[in-house]
>>> print(open('my_file18.cif').read())   # mmCIF, C-alpha atoms
data_entry
loop_
_atom_site.label_atom_id
_atom_site.label_comp_id
_atom_site.auth_asym_id
_atom_site.auth_seq_id
_atom_site.Cartn_x
_atom_site.Cartn_y
_atom_site.Cartn_z
CA MET A 195 133.87 58.85 74.68
CA ARG A 196 131.25 57.97 77.21
CA LEU A 197 130.62 56.32 80.51
CA THR A 198 127.45 54.31 81.07
CA LEU A 199 124.24 55.56 82.61
CA TYR A 200 124.87 52.83 85.16
CA THR A 201 127.94 54.59 86.53
CA ASP A 202 126.18 57.94 86.30
CA PHE A 203 123.29 56.66 88.44
CA SER A 204 125.69 54.99 90.87
CA LEU A 205 127.33 58.30 91.64
CA ARG A 206 123.99 60.06 91.93
CA VAL A 207 122.77 57.48 94.43
CA LEU A 208 125.92 57.77 96.53
CA LEU A 209 125.74 61.54 96.43
CA TYR A 210 122.13 61.50 97.58
CA LEU A 211 122.91 59.16 100.45
CA ALA A 212 125.89 61.27 101.47
CA ASN A 213 123.52 64.23 101.71
CA LYS A 214 121.16 62.32 103.99
CA PRO A 215 123.45 60.68 106.53
CA GLU A 216 120.82 60.63 109.27
CA GLN A 217 118.14 58.64 107.52
CA LEU A 218 117.37 55.53 105.51
CA VAL A 219 116.58 56.27 101.87
CA THR A 220 114.26 54.23 99.65
CA ILE A 221 114.53 53.55 95.93
CA THR A 222 111.21 55.30 95.46
CA GLU A 223 112.64 58.41 97.06
CA LEU A 224 115.68 58.28 94.78
CA ALA A 225 113.55 57.69 91.67
CA ASP A 226 111.24 60.57 92.56
CA PHE A 227 114.09 62.93 93.26
CA TYR A 228 116.17 62.18 90.19
CA LYS A 229 113.15 61.53 87.97
CA VAL A 230 114.66 58.32 86.67
CA SER A 231 113.40 54.78 86.22
CA ARG A 232 112.97 52.70 89.37
CA ASN A 233 114.09 49.63 87.41
CA HIS A 234 117.42 51.20 86.56
CA LEU A 235 117.98 52.16 90.17
CA VAL A 236 117.14 48.69 91.53
CA LYS A 237 120.05 47.20 89.59
CA VAL A 238 122.40 50.02 90.53
CA VAL A 239 121.54 49.84 94.22
CA HIS A 240 121.88 46.06 94.23
CA GLN A 241 125.37 46.32 92.77
CA LEU A 242 126.38 49.16 95.12
CA GLY A 243 125.40 46.84 97.98
CA ILE A 244 127.45 43.95 96.63
CA LYS A 245 130.45 46.22 96.21
CA GLY A 246 130.21 47.41 99.79
CA TYR A 247 129.24 51.01 99.17
CA ILE A 248 125.81 50.88 100.76
CA LEU A 249 123.92 48.97 103.43
CA THR A 250 120.30 47.99 102.97
CA ILE A 251 117.92 47.50 105.85
CA ARG A 252 114.84 45.51 104.88
CA GLY A 253 111.30 45.93 106.18
CA LYS A 254 108.55 48.51 106.28
CA ASN A 255 110.74 51.29 107.60
CA GLY A 256 113.79 50.01 105.79
CA GLY A 257 115.95 51.68 103.24
CA MET A 258 119.58 52.22 102.41
CA LYS A 259 122.48 54.27 103.67
CA LEU A 260 126.19 54.61 102.95
CA ALA A 261 128.28 51.74 104.29
CA ARG A 262 131.32 53.99 104.59
CA LEU A 263 132.00 57.63 105.29
CA PRO A 264 131.96 59.87 102.18
CA GLU A 265 135.67 60.52 102.83
CA GLU A 266 136.32 56.80 102.30
CA ILE A 267 134.55 56.49 98.97
CA VAL A 268 137.05 57.24 96.19
CA ILE A 269 135.44 58.46 92.97
CA GLY A 270 137.88 56.67 90.66
CA GLU A 271 137.23 53.39 92.45
CA VAL A 272 133.48 53.78 92.11
CA VAL A 273 133.92 54.33 88.36
CA ARG A 274 136.27 51.39 88.03
CA THR A 275 133.90 49.18 90.00
CA MET A 276 130.61 50.17 88.42
CA GLU A 277 131.56 50.72 84.78
CA PRO A 278 130.96 47.46 82.86
CA ASP A 279 134.26 47.69 80.99
CA PHE A 280 137.06 50.01 79.92
CA ASP A 281 137.52 48.55 76.46
CA LEU A 282 138.34 51.77 74.64
CA PHE A 283 139.03 49.88 71.42
CA GLU A 284 138.42 46.42 70.04
CA CYS A 285 141.95 45.31 71.00
CA PHE A 286 141.31 45.92 74.69
CA ASN A 287 139.22 42.75 74.85
CA ARG A 288 141.48 39.83 74.06
CA GLU A 289 138.63 37.39 73.69
CA THR A 290 136.80 39.28 70.98
CA ASP A 291 139.65 41.21 69.38
CA ALA A 292 139.94 40.57 65.64
CA CYS A 293 142.17 43.50 64.67
CA VAL A 294 144.96 42.25 62.42
CA ILE A 295 147.64 44.60 63.78
CA THR A 296 147.10 44.12 67.52
CA GLN A 297 150.39 42.28 68.02
CA ASP A 298 152.45 45.08 66.53
CA CYS A 299 150.40 48.13 67.40
CA ARG A 300 151.68 50.65 69.92
CA LEU A 301 148.44 52.58 70.12
CA LYS A 302 147.09 50.12 72.67
CA SER A 303 149.72 50.94 75.28
CA MET A 304 149.24 54.67 74.70
CA PHE A 305 145.52 54.33 75.33
CA PHE A 306 146.10 52.11 78.34
CA GLY A 307 148.18 54.92 79.80
CA ALA A 308 145.54 57.52 79.03
CA ARG A 309 142.84 55.37 80.61
CA ASN A 310 144.94 54.96 83.74
CA ASP A 311 145.54 58.70 83.94
CA PHE A 312 141.80 59.25 83.64
CA LEU A 313 141.14 57.00 86.64
CA GLN A 314 144.13 58.33 88.54
CA THR A 315 142.74 61.85 88.33
CA LEU A 316 139.43 60.63 89.72
CA ASN A 317 141.22 58.77 92.49
CA GLN A 318 142.26 62.13 93.91
CA TYR A 319 138.67 62.78 94.93
CA THR A 320 136.27 61.23 97.37
CA LEU A 321 132.53 61.52 97.69
CA ALA A 322 133.16 64.07 100.41
CA ASP A 323 134.84 66.33 97.83
CA ALA A 324 131.72 66.14 95.72
CA LEU A 325 129.60 67.55 98.55
CA ARG A 326 129.39 71.31 98.72
CA PRO A 327 130.34 72.88 101.07
CA ALA A 328 131.37 70.13 103.50
CA ALA A 329 128.30 69.16 105.52
CA GLN A 330 125.85 71.37 103.62
CA PRO A 331 123.29 69.62 101.45
CA HIS A 332 123.16 70.54 97.75
CA GLU A 333 120.69 73.29 96.96
CA ALA A 334 118.66 70.87 94.90
CA PHE A 335 118.49 68.38 97.76
CA LYS A 336 116.90 71.02 99.99
CA THR A 337 113.92 71.45 97.69
CA ILE A 338 112.30 68.09 98.25
CA PRO A 339 110.52 66.90 101.35
CA VAL A 340 111.94 64.05 103.39
CA VAL A 341 110.17 60.80 102.52
CA ASN A 342 110.42 58.01 105.04
CA GLY A 343 109.67 54.34 104.61
CA MET B 782 134.11 53.56 79.11
CA ARG B 783 134.49 53.32 75.38
CA LEU B 784 135.55 55.20 72.31
CA THR B 785 133.65 54.72 69.06
CA LEU B 786 134.55 52.33 66.27
CA TYR B 787 134.77 55.48 64.18
CA THR B 788 137.82 56.72 66.08
CA ASP B 789 139.27 53.21 66.14
CA PHE B 790 139.05 52.97 62.34
CA SER B 791 140.43 56.48 61.93
CA LEU B 792 143.59 55.55 63.74
CA ARG B 793 143.90 52.28 61.83
CA VAL B 794 143.63 54.13 58.51
CA LEU B 795 146.26 56.67 59.51
CA LEU B 796 148.57 53.93 60.76
CA TYR B 797 148.24 52.04 57.50
CA LEU B 798 148.98 55.12 55.43
CA ALA B 799 151.97 55.94 57.62
CA ASN B 800 153.31 52.48 56.83
CA LYS B 801 152.96 53.05 53.08
CA PRO B 802 154.40 56.52 52.55
CA GLU B 803 155.47 55.81 48.98
CA GLN B 804 152.13 54.84 47.51
CA LEU B 805 148.47 55.78 47.14
CA VAL B 806 146.15 53.52 49.12
CA THR B 807 142.56 52.66 48.19
CA ILE B 808 139.59 52.03 50.44
CA THR B 809 139.35 48.52 49.01
CA GLU B 810 142.92 47.86 50.11
CA LEU B 811 142.18 49.12 53.60
CA ALA B 812 138.97 47.10 53.84
CA ASP B 813 140.73 43.95 52.66
CA PHE B 814 143.62 44.41 55.04
CA TYR B 815 141.63 45.21 58.16
CA LYS B 816 138.71 42.95 57.20
CA VAL B 817 136.21 45.67 57.98
CA SER B 818 133.23 47.13 56.15
CA ARG B 819 133.98 49.37 53.16
CA ASN B 820 130.98 51.51 54.10
CA HIS B 821 132.42 52.30 57.50
CA LEU B 822 135.74 53.22 55.97
CA VAL B 823 134.20 55.52 53.35
CA LYS B 824 132.78 57.75 56.08
CA VAL B 825 135.97 57.67 58.12
CA VAL B 826 138.17 58.49 55.14
CA HIS B 827 135.87 61.31 54.07
CA GLN B 828 136.10 62.86 57.52
CA LEU B 829 139.86 62.38 57.74
CA GLY B 830 140.10 64.32 54.48
CA ILE B 831 137.92 67.15 55.74
CA LYS B 832 139.99 67.38 58.90
CA GLY B 833 143.19 67.64 56.89
CA TYR B 834 144.80 64.35 57.85
CA ILE B 835 144.76 62.76 54.41
CA LEU B 836 144.84 63.78 50.76
CA THR B 837 142.76 61.96 48.18
CA ILE B 838 143.75 61.75 44.53
CA ARG B 839 140.84 60.80 42.29
CA GLY B 840 140.95 58.69 39.13
CA LYS B 841 141.80 55.17 38.03
CA ASN B 842 145.19 55.14 39.71
CA GLY B 843 144.03 57.35 42.54
CA GLY B 844 143.97 56.72 46.24
CA MET B 845 144.85 58.41 49.48
CA LYS B 846 147.95 59.30 51.45
CA LEU B 847 148.80 61.20 54.60
CA ALA B 848 148.54 64.97 54.23
CA ARG B 849 151.15 65.50 56.95
CA LEU B 850 154.17 63.69 58.27
CA PRO B 851 153.43 61.07 60.95
CA GLU B 852 155.45 63.24 63.35
CA GLU B 853 152.91 66.00 62.86
CA ILE B 854 149.82 63.94 63.59
CA VAL B 855 149.11 64.08 67.34
CA ILE B 856 147.13 61.10 68.65
CA GLY B 857 145.13 63.10 71.18
CA GLU B 858 144.09 65.54 68.46
CA VAL B 859 142.93 62.74 66.20
CA VAL B 860 140.79 61.37 69.03
CA ARG B 861 139.42 64.79 69.87
CA THR B 862 138.63 65.46 66.22
CA MET B 863 137.14 62.11 65.24
CA GLU B 864 135.24 61.10 68.38
CA PRO B 865 131.62 62.29 68.04
CA ASP B 866 131.47 63.60 71.61
CA PHE B 867 133.08 63.46 75.03
CA ASP B 868 129.87 63.56 77.03
CA LEU B 869 130.91 61.26 79.84
CA PHE B 870 127.66 61.89 81.69
CA GLU B 871 124.28 63.40 80.94
CA CYS B 872 125.33 66.74 82.43
CA PHE B 873 128.11 67.19 79.87
CA ASN B 874 125.54 68.08 77.23
CA ARG B 875 123.81 71.27 78.32
CA GLU B 876 121.10 70.99 75.70
CA THR B 877 119.85 67.58 76.76
CA ASP B 878 120.84 67.52 80.41
CA ALA B 879 117.92 66.89 82.74
CA CYS B 880 119.80 65.97 85.92
CA VAL B 881 118.27 67.83 88.86
CA ILE B 882 121.57 68.39 90.69
CA THR B 883 123.72 69.67 87.81
CA GLN B 884 123.90 73.21 89.19
CA ASP B 885 125.29 72.09 92.52
CA CYS B 886 127.24 68.99 91.60
CA ARG B 887 131.00 68.95 91.77
CA LEU B 888 131.39 65.63 90.02
CA LYS B 889 131.18 67.32 86.64
CA SER B 890 134.34 69.35 87.12
CA MET B 891 136.19 66.29 88.43
CA PHE B 892 135.27 64.34 85.31
CA PHE B 893 136.12 67.28 83.09
CA GLY B 894 139.59 67.19 84.60
CA ALA B 895 139.91 63.43 84.12
CA ARG B 896 138.81 63.71 80.50
CA ASN B 897 141.37 66.42 79.88
CA ASP B 898 144.11 64.32 81.46
CA PHE B 899 143.10 61.44 79.22
CA LEU B 900 143.54 63.58 76.10
CA GLN B 901 146.65 65.25 77.47
CA THR B 902 148.34 61.88 77.83
CA LEU B 903 147.50 61.05 74.23
CA ASN B 904 148.80 64.44 73.11
CA GLN B 905 152.27 63.30 74.12
CA TYR B 906 152.29 60.90 71.18
CA THR B 907 152.27 61.26 67.43
CA LEU B 908 151.51 58.76 64.71
CA ALA B 909 155.28 58.35 64.33
CA ASP B 910 155.44 56.99 67.90
CA ALA B 911 152.86 54.38 66.97
CA LEU B 912 155.11 53.04 64.21
CA ARG B 913 157.60 50.36 65.24
CA PRO B 914 160.55 50.74 65.03
CA ALA B 915 160.77 54.18 63.39
CA ALA B 916 160.53 53.65 59.64
CA GLN B 917 159.96 49.88 59.77
CA PRO B 918 156.53 48.63 58.72
CA HIS B 919 154.49 46.63 61.23
CA GLU B 920 154.97 42.90 60.94
CA ALA B 921 151.32 42.53 59.97
CA PHE B 922 151.68 45.11 57.22
CA LYS B 923 154.46 43.10 55.61
CA THR B 924 152.21 40.10 55.12
CA ILE B 925 149.94 41.52 52.47
CA PRO B 926 150.82 42.25 48.88
CA VAL B 927 150.86 45.80 47.60
CA VAL B 928 147.62 46.62 45.80
CA ASN B 929 147.64 49.59 43.45
CA GLY B 930 144.72 51.46 41.92
#
>>> encode(input="my_file18.cif", output="structure tokens")
Amino acid sequence: MRLTLYTDFSLRVLLYLANKPEQLVTITELADFYKVSRNHLVKVVHQLGIKGYILTIRGKNGGMKLARLPEEIVIGEVVRTMEPDFDLFECFNRETDACVITQDCRLKSMFFGARNDFLQTLNQYTLADALRPAAQPHEAFKTIPVVNG
Amino acid sequence: MRLTLYTDFSLRVLLYLANKPEQLVTITELADFYKVSRNHLVKVVHQLGIKGYILTIRGKNGGMKLARLPEEIVIGEVVRTMEPDFDLFECFNRETDACVITQDCRLKSMFFGARNDFLQTLNQYTLADALRPAAQPHEAFKTIPVVNG
């Protein structure tokens, strides 16, 4: 049982931005900090913008910042929005499902319920809950110099 | 968010066997019914045997059957047992984790909780609950002829 790297990176980006509320952050800064591919992050950041989680300011001194307060960003919603699908089994996708027992099988509804409980648990938390403690930056975030532009 | 085909097939095999309590079932029969690869099923069946869910009787008229009553086979336990891992994010695997904020990040514990709630929901059900109604075979199961040996 796994989530995609895409959702993983989405949360990391949001967490980083929540730790730097006073400044604009660049993709290069994120890539350097997390030691991950710039290409991956470009797609993630683009989608986070479309979904209304971040604002991007273009130009030489541009960068991105959170579009909402960390308290307003619900973790379960981020996962639901950024994860490509929640097709736990073949039968979850009606268009491609070829399982011969789908019509009669009760497993599907059980797993639907479990999936909903998974997201419901995550809906109890916001990005603010993921920050420790409150307005303090993560220890790891303190170790790197601020990079502007 | 996905589970593996391996777990999917495991549940299908168990469901089939639960529908045929009076007879020994072969891999060929399962492969024909579900229209899936025999090779995939061989691995799944082998593992189900090791984990104590099924009994295999060798020989010309051999085959497999459930090793326990459907009421004793808990869905969440099957998933936990058959799914290769539950590493939702990189940080879930300590040996390979390279995320720079793992030590300070609270997301991990949130997702641990969500994962547990997912399995907890599935632990409310047994294989018997997946059968409809009670001792009646699935409609789809009625459509194929009994194949022995």
>>> interface_residues(input="my_file18.cif", of="chain A", to="chain B", cutoff="8 Å", atoms="all atoms listed in the file", output="mmCIF file with C-alpha atoms, keeping the file's coordinate frame")
data_model
loop_
_atom_site.group_PDB
_atom_site.id
_atom_site.type_symbol
_atom_site.label_atom_id
_atom_site.label_comp_id
_atom_site.auth_asym_id
_atom_site.auth_seq_id
_atom_site.Cartn_x
_atom_site.Cartn_y
_atom_site.Cartn_z
ATOM 1 C CA MET A 195 133.870 58.850 74.680
ATOM 2 C CA ARG A 196 131.250 57.970 77.210
ATOM 3 C CA LEU A 197 130.620 56.320 80.510
ATOM 4 C CA THR A 198 127.450 54.310 81.070
ATOM 5 C CA LEU A 199 124.240 55.560 82.610
ATOM 6 C CA ASP A 202 126.180 57.940 86.300
ATOM 7 C CA PHE A 227 114.090 62.930 93.260
ATOM 8 C CA TYR A 228 116.170 62.180 90.190
ATOM 9 C CA GLU A 277 131.560 50.720 84.780
ATOM 10 C CA PRO A 278 130.960 47.460 82.860
ATOM 11 C CA ASP A 279 134.260 47.690 80.990
ATOM 12 C CA PHE A 280 137.060 50.010 79.920
ATOM 13 C CA ASP A 281 137.520 48.550 76.460
ATOM 14 C CA LEU A 282 138.340 51.770 74.640
ATOM 15 C CA PHE A 283 139.030 49.880 71.420
ATOM 16 C CA GLU A 284 138.420 46.420 70.040
ATOM 17 C CA CYS A 293 142.170 43.500 64.670
ATOM 18 C CA VAL A 294 144.960 42.250 62.420
ATOM 19 C CA ILE A 295 147.640 44.600 63.780
ATOM 20 C CA ASP A 298 152.450 45.080 66.530
ATOM 21 C CA CYS A 299 150.400 48.130 67.400
ATOM 22 C CA ARG A 300 151.680 50.650 69.920
ATOM 23 C CA LEU A 301 148.440 52.580 70.120
ATOM 24 C CA MET A 304 149.240 54.670 74.700
ATOM 25 C CA PHE A 305 145.520 54.330 75.330
ATOM 26 C CA GLY A 307 148.180 54.920 79.800
ATOM 27 C CA ALA A 308 145.540 57.520 79.030
ATOM 28 C CA ARG A 309 142.840 55.370 80.610
ATOM 29 C CA ASP A 311 145.540 58.700 83.940
ATOM 30 C CA PHE A 312 141.800 59.250 83.640
ATOM 31 C CA LEU A 313 141.140 57.000 86.640
ATOM 32 C CA GLN A 314 144.130 58.330 88.540
ATOM 33 C CA THR A 315 142.740 61.850 88.330
ATOM 34 C CA LEU A 316 139.430 60.630 89.720
ATOM 35 C CA TYR A 319 138.670 62.780 94.930
ATOM 36 C CA ASP A 323 134.840 66.330 97.830
ATOM 37 C CA ALA A 324 131.720 66.140 95.720
ATOM 38 C CA LEU A 325 129.600 67.550 98.550
ATOM 39 C CA ARG A 326 129.390 71.310 98.720
ATOM 40 C CA HIS A 332 123.160 70.540 97.750
ATOM 41 C CA GLU A 333 120.690 73.290 96.960
ATOM 42 C CA ALA A 334 118.660 70.870 94.900
ATOM 43 C CA PHE A 335 118.490 68.380 97.760
#
>>> calpha_fit_and_write(input="my_file18.cif", fixed="chain A", moving="chain B", output="compact mmCIF listing (two decimals) with C-alpha atoms, in the coordinates of the input")
# COMPACT_ATOMS: atom_id res chain seq x y z
CA MET B 782 133.88 58.84 74.69
CA ARG B 783 131.23 57.96 77.21
CA LEU B 784 130.61 56.30 80.52
CA THR B 785 127.44 54.29 81.05
CA LEU B 786 124.23 55.54 82.60
CA TYR B 787 124.86 52.81 85.15
CA THR B 788 127.93 54.58 86.52
CA ASP B 789 126.16 57.93 86.29
CA PHE B 790 123.28 56.64 88.43
CA SER B 791 125.67 54.99 90.86
CA LEU B 792 127.32 58.28 91.63
CA ARG B 793 123.97 60.06 91.91
CA VAL B 794 122.75 57.47 94.43
CA LEU B 795 125.90 57.77 96.53
CA LEU B 796 125.73 61.56 96.42
CA TYR B 797 122.13 61.52 97.58
CA LEU B 798 122.88 59.18 100.45
CA ALA B 799 125.87 61.29 101.46
CA ASN B 800 123.51 64.25 101.70
CA LYS B 801 121.14 62.34 103.99
CA PRO B 802 123.44 60.71 106.53
CA GLU B 803 120.81 60.65 109.26
CA GLN B 804 118.13 58.66 107.51
CA LEU B 805 117.34 55.54 105.50
CA VAL B 806 116.56 56.28 101.86
CA THR B 807 114.25 54.24 99.63
CA ILE B 808 114.50 53.53 95.92
CA THR B 809 111.17 55.29 95.44
CA GLU B 810 112.62 58.41 97.03
CA LEU B 811 115.64 58.28 94.76
CA ALA B 812 113.52 57.68 91.67
CA ASP B 813 111.21 60.56 92.55
CA PHE B 814 114.07 62.92 93.25
CA TYR B 815 116.15 62.17 90.18
CA LYS B 816 113.13 61.51 87.96
CA VAL B 817 114.65 58.31 86.65
CA SER B 818 113.38 54.77 86.21
CA ARG B 819 112.96 52.69 89.38
CA ASN B 820 114.07 49.62 87.42
CA HIS B 821 117.40 51.17 86.58
CA LEU B 822 117.95 52.15 90.18
CA VAL B 823 117.12 48.68 91.53
CA LYS B 824 120.03 47.19 89.59
CA VAL B 825 122.39 49.99 90.53
CA VAL B 826 121.51 49.82 94.21
CA HIS B 827 121.86 46.04 94.24
CA GLN B 828 125.35 46.32 92.78
CA LEU B 829 126.35 49.14 95.11
CA GLY B 830 125.39 46.85 97.98
CA ILE B 831 127.42 43.94 96.64
CA LYS B 832 130.42 46.20 96.20
CA GLY B 833 130.17 47.39 99.79
CA TYR B 834 129.22 51.01 99.18
CA ILE B 835 125.78 50.88 100.76
CA LEU B 836 123.90 48.98 103.44
CA THR B 837 120.28 48.00 102.97
CA ILE B 838 117.89 47.52 105.87
CA ARG B 839 114.82 45.53 104.91
CA GLY B 840 111.28 45.96 106.23
CA LYS B 841 108.51 48.53 106.31
CA ASN B 842 110.71 51.31 107.62
CA GLY B 843 113.76 50.03 105.80
CA GLY B 844 115.93 51.70 103.23
CA MET B 845 119.56 52.22 102.40
CA LYS B 846 122.47 54.28 103.65
CA LEU B 847 126.16 54.61 102.93
CA ALA B 848 128.24 51.74 104.28
CA ARG B 849 131.30 53.99 104.59
CA LEU B 850 131.99 57.63 105.26
CA PRO B 851 131.95 59.87 102.17
CA GLU B 852 135.65 60.51 102.83
CA GLU B 853 136.30 56.82 102.30
CA ILE B 854 134.53 56.49 98.97
CA VAL B 855 137.03 57.23 96.18
CA ILE B 856 135.42 58.45 92.95
CA GLY B 857 137.86 56.67 90.65
CA GLU B 858 137.20 53.39 92.46
CA VAL B 859 133.46 53.78 92.10
CA VAL B 860 133.90 54.32 88.36
CA ARG B 861 136.27 51.39 88.05
CA THR B 862 133.90 49.16 90.01
CA MET B 863 130.60 50.16 88.43
CA GLU B 864 131.56 50.71 84.78
CA PRO B 865 130.97 47.45 82.87
CA ASP B 866 134.27 47.69 80.98
CA PHE B 867 137.07 50.00 79.93
CA ASP B 868 137.54 48.56 76.46
CA LEU B 869 138.35 51.77 74.64
CA PHE B 870 139.05 49.88 71.43
CA GLU B 871 138.45 46.42 70.05
CA CYS B 872 141.97 45.32 71.00
CA PHE B 873 141.32 45.92 74.70
CA ASN B 874 139.25 42.75 74.86
CA ARG B 875 141.53 39.83 74.06
CA GLU B 876 138.68 37.38 73.70
CA THR B 877 136.84 39.27 70.99
CA ASP B 878 139.67 41.21 69.38
CA ALA B 879 139.99 40.56 65.66
CA CYS B 880 142.21 43.50 64.68
CA VAL B 881 144.99 42.25 62.41
CA ILE B 882 147.66 44.62 63.77
CA THR B 883 147.13 44.14 67.52
CA GLN B 884 150.42 42.30 68.00
CA ASP B 885 152.47 45.11 66.51
CA CYS B 886 150.43 48.17 67.38
CA ARG B 887 151.69 50.67 69.90
CA LEU B 888 148.45 52.59 70.12
CA LYS B 889 147.10 50.14 72.67
CA SER B 890 149.72 50.94 75.28
CA MET B 891 149.24 54.68 74.71
CA PHE B 892 145.51 54.35 75.34
CA PHE B 893 146.11 52.12 78.34
CA GLY B 894 148.18 54.93 79.79
CA ALA B 895 145.53 57.54 79.02
CA ARG B 896 142.83 55.40 80.61
CA ASN B 897 144.93 54.97 83.73
CA ASP B 898 145.54 58.72 83.94
CA PHE B 899 141.80 59.27 83.64
CA LEU B 900 141.13 57.01 86.63
CA GLN B 901 144.12 58.34 88.53
CA THR B 902 142.73 61.86 88.33
CA LEU B 903 139.41 60.64 89.70
CA ASN B 904 141.21 58.77 92.48
CA GLN B 905 142.26 62.13 93.89
CA TYR B 906 138.66 62.77 94.92
CA THR B 907 136.26 61.22 97.37
CA LEU B 908 132.51 61.51 97.68
CA ALA B 909 133.14 64.08 100.41
CA ASP B 910 134.82 66.34 97.83
CA ALA B 911 131.69 66.15 95.70
CA LEU B 912 129.59 67.56 98.54
CA ARG B 913 129.36 71.35 98.72
CA PRO B 914 130.37 72.92 101.05
CA ALA B 915 131.50 70.14 103.41
CA ALA B 916 128.46 69.06 105.41
CA GLN B 917 125.95 71.31 103.63
CA PRO B 918 123.35 69.60 101.45
CA HIS B 919 123.19 70.52 97.77
CA GLU B 920 120.74 73.29 97.00
CA ALA B 921 118.69 70.86 94.92
CA PHE B 922 118.54 68.38 97.78
CA LYS B 923 116.97 70.98 100.04
CA THR B 924 114.01 71.42 97.74
CA ILE B 925 112.36 68.08 98.29
CA PRO B 926 110.59 66.91 101.40
CA VAL B 927 111.99 64.06 103.45
CA VAL B 928 110.25 60.80 102.59
CA ASN B 929 110.52 57.97 105.09
CA GLY B 930 109.75 54.29 104.64
>>> resolve_selection(input="my_file18.cif", expression="the PyMOL selection byres ((chain A and resi 257) around 10)", output="NGL selection string")
:A and (217-223 or 249-256 or 258-259 or 342-343)
>>> residues_near_point(input="my_file18.cif", point="(133.7, 49.8, 96.0)", cutoff="8 Å", atoms="all atoms listed in the file", output="VMD selection string")
chain A and resid 242 245 to 247 267 271 to 272 275
>>> atom_distance(input="my_file18.cif", atom1="CA of Val794 in chain B", atom2="CA of Glu852 in chain B")
15.7 Å
>>> closest_residue(input="my_file18.cif", among="B:Leu795, B:Val825, B:Leu811, B:Ile831", to="Glu853 in chain B", atoms="only C-alpha atoms")
B:Leu795
>>> atom_distance(input="my_file18.cif", atom1="CA of Asn820 in chain B", atom2="CA of Phe286 in chain A")
23.7 Å
>>> atom_distance(input="my_file18.cif", atom1="CA of Pro802 in chain B", atom2="CA of Val855 in chain B")
17.4 Å
>>> axis_aligned_box(input="my_file18.cif", around="range 249-268 of chain A", padding_each_side="4 Å", output="JSON")
{"center_x": 122.8, "center_y": 53.0, "center_z": 101.9, "size_x": 36.5, "size_y": 23.0, "size_z": 19.4}
>>> build_atoms(input="my_file18.cif", residues="range 804-815 of chain B", atoms="N, CA and C atoms", output="compact mmCIF listing (two decimals), keeping the file's coordinate frame")
# COMPACT_ATOMS: atom_id res chain seq x y z
N GLN B 804 153.17 55.20 48.47
CA GLN B 804 152.13 54.84 47.51
C GLN B 804 150.74 55.39 47.89
N LEU B 805 149.85 55.40 46.89
CA LEU B 805 148.47 55.78 47.14
C LEU B 805 147.70 54.53 47.54
N VAL B 806 146.89 54.66 48.56
CA VAL B 806 146.15 53.52 49.12
C VAL B 806 144.66 53.69 48.82
N THR B 807 144.00 52.59 48.46
CA THR B 807 142.56 52.66 48.19
C THR B 807 141.75 52.15 49.38
N ILE B 808 140.48 52.51 49.37
CA ILE B 808 139.59 52.03 50.44
C ILE B 808 139.46 50.51 50.38
N THR B 809 139.44 49.98 49.17
CA THR B 809 139.35 48.52 49.01
C THR B 809 140.55 47.84 49.68
N GLU B 810 141.71 48.42 49.49
CA GLU B 810 142.92 47.86 50.11
C GLU B 810 142.82 47.88 51.63
N LEU B 811 142.35 49.01 52.15
CA LEU B 811 142.18 49.12 53.60
C LEU B 811 141.16 48.12 54.13
N ALA B 812 140.04 48.02 53.41
CA ALA B 812 138.97 47.10 53.84
C ALA B 812 139.45 45.66 53.81
N ASP B 813 140.21 45.32 52.77
CA ASP B 813 140.73 43.95 52.66
C ASP B 813 141.74 43.66 53.78
N PHE B 814 142.58 44.62 54.04
CA PHE B 814 143.62 44.41 55.04
C PHE B 814 143.03 44.26 56.44
N TYR B 815 142.17 45.21 56.79
CA TYR B 815 141.63 45.21 58.16
C TYR B 815 140.40 44.30 58.31
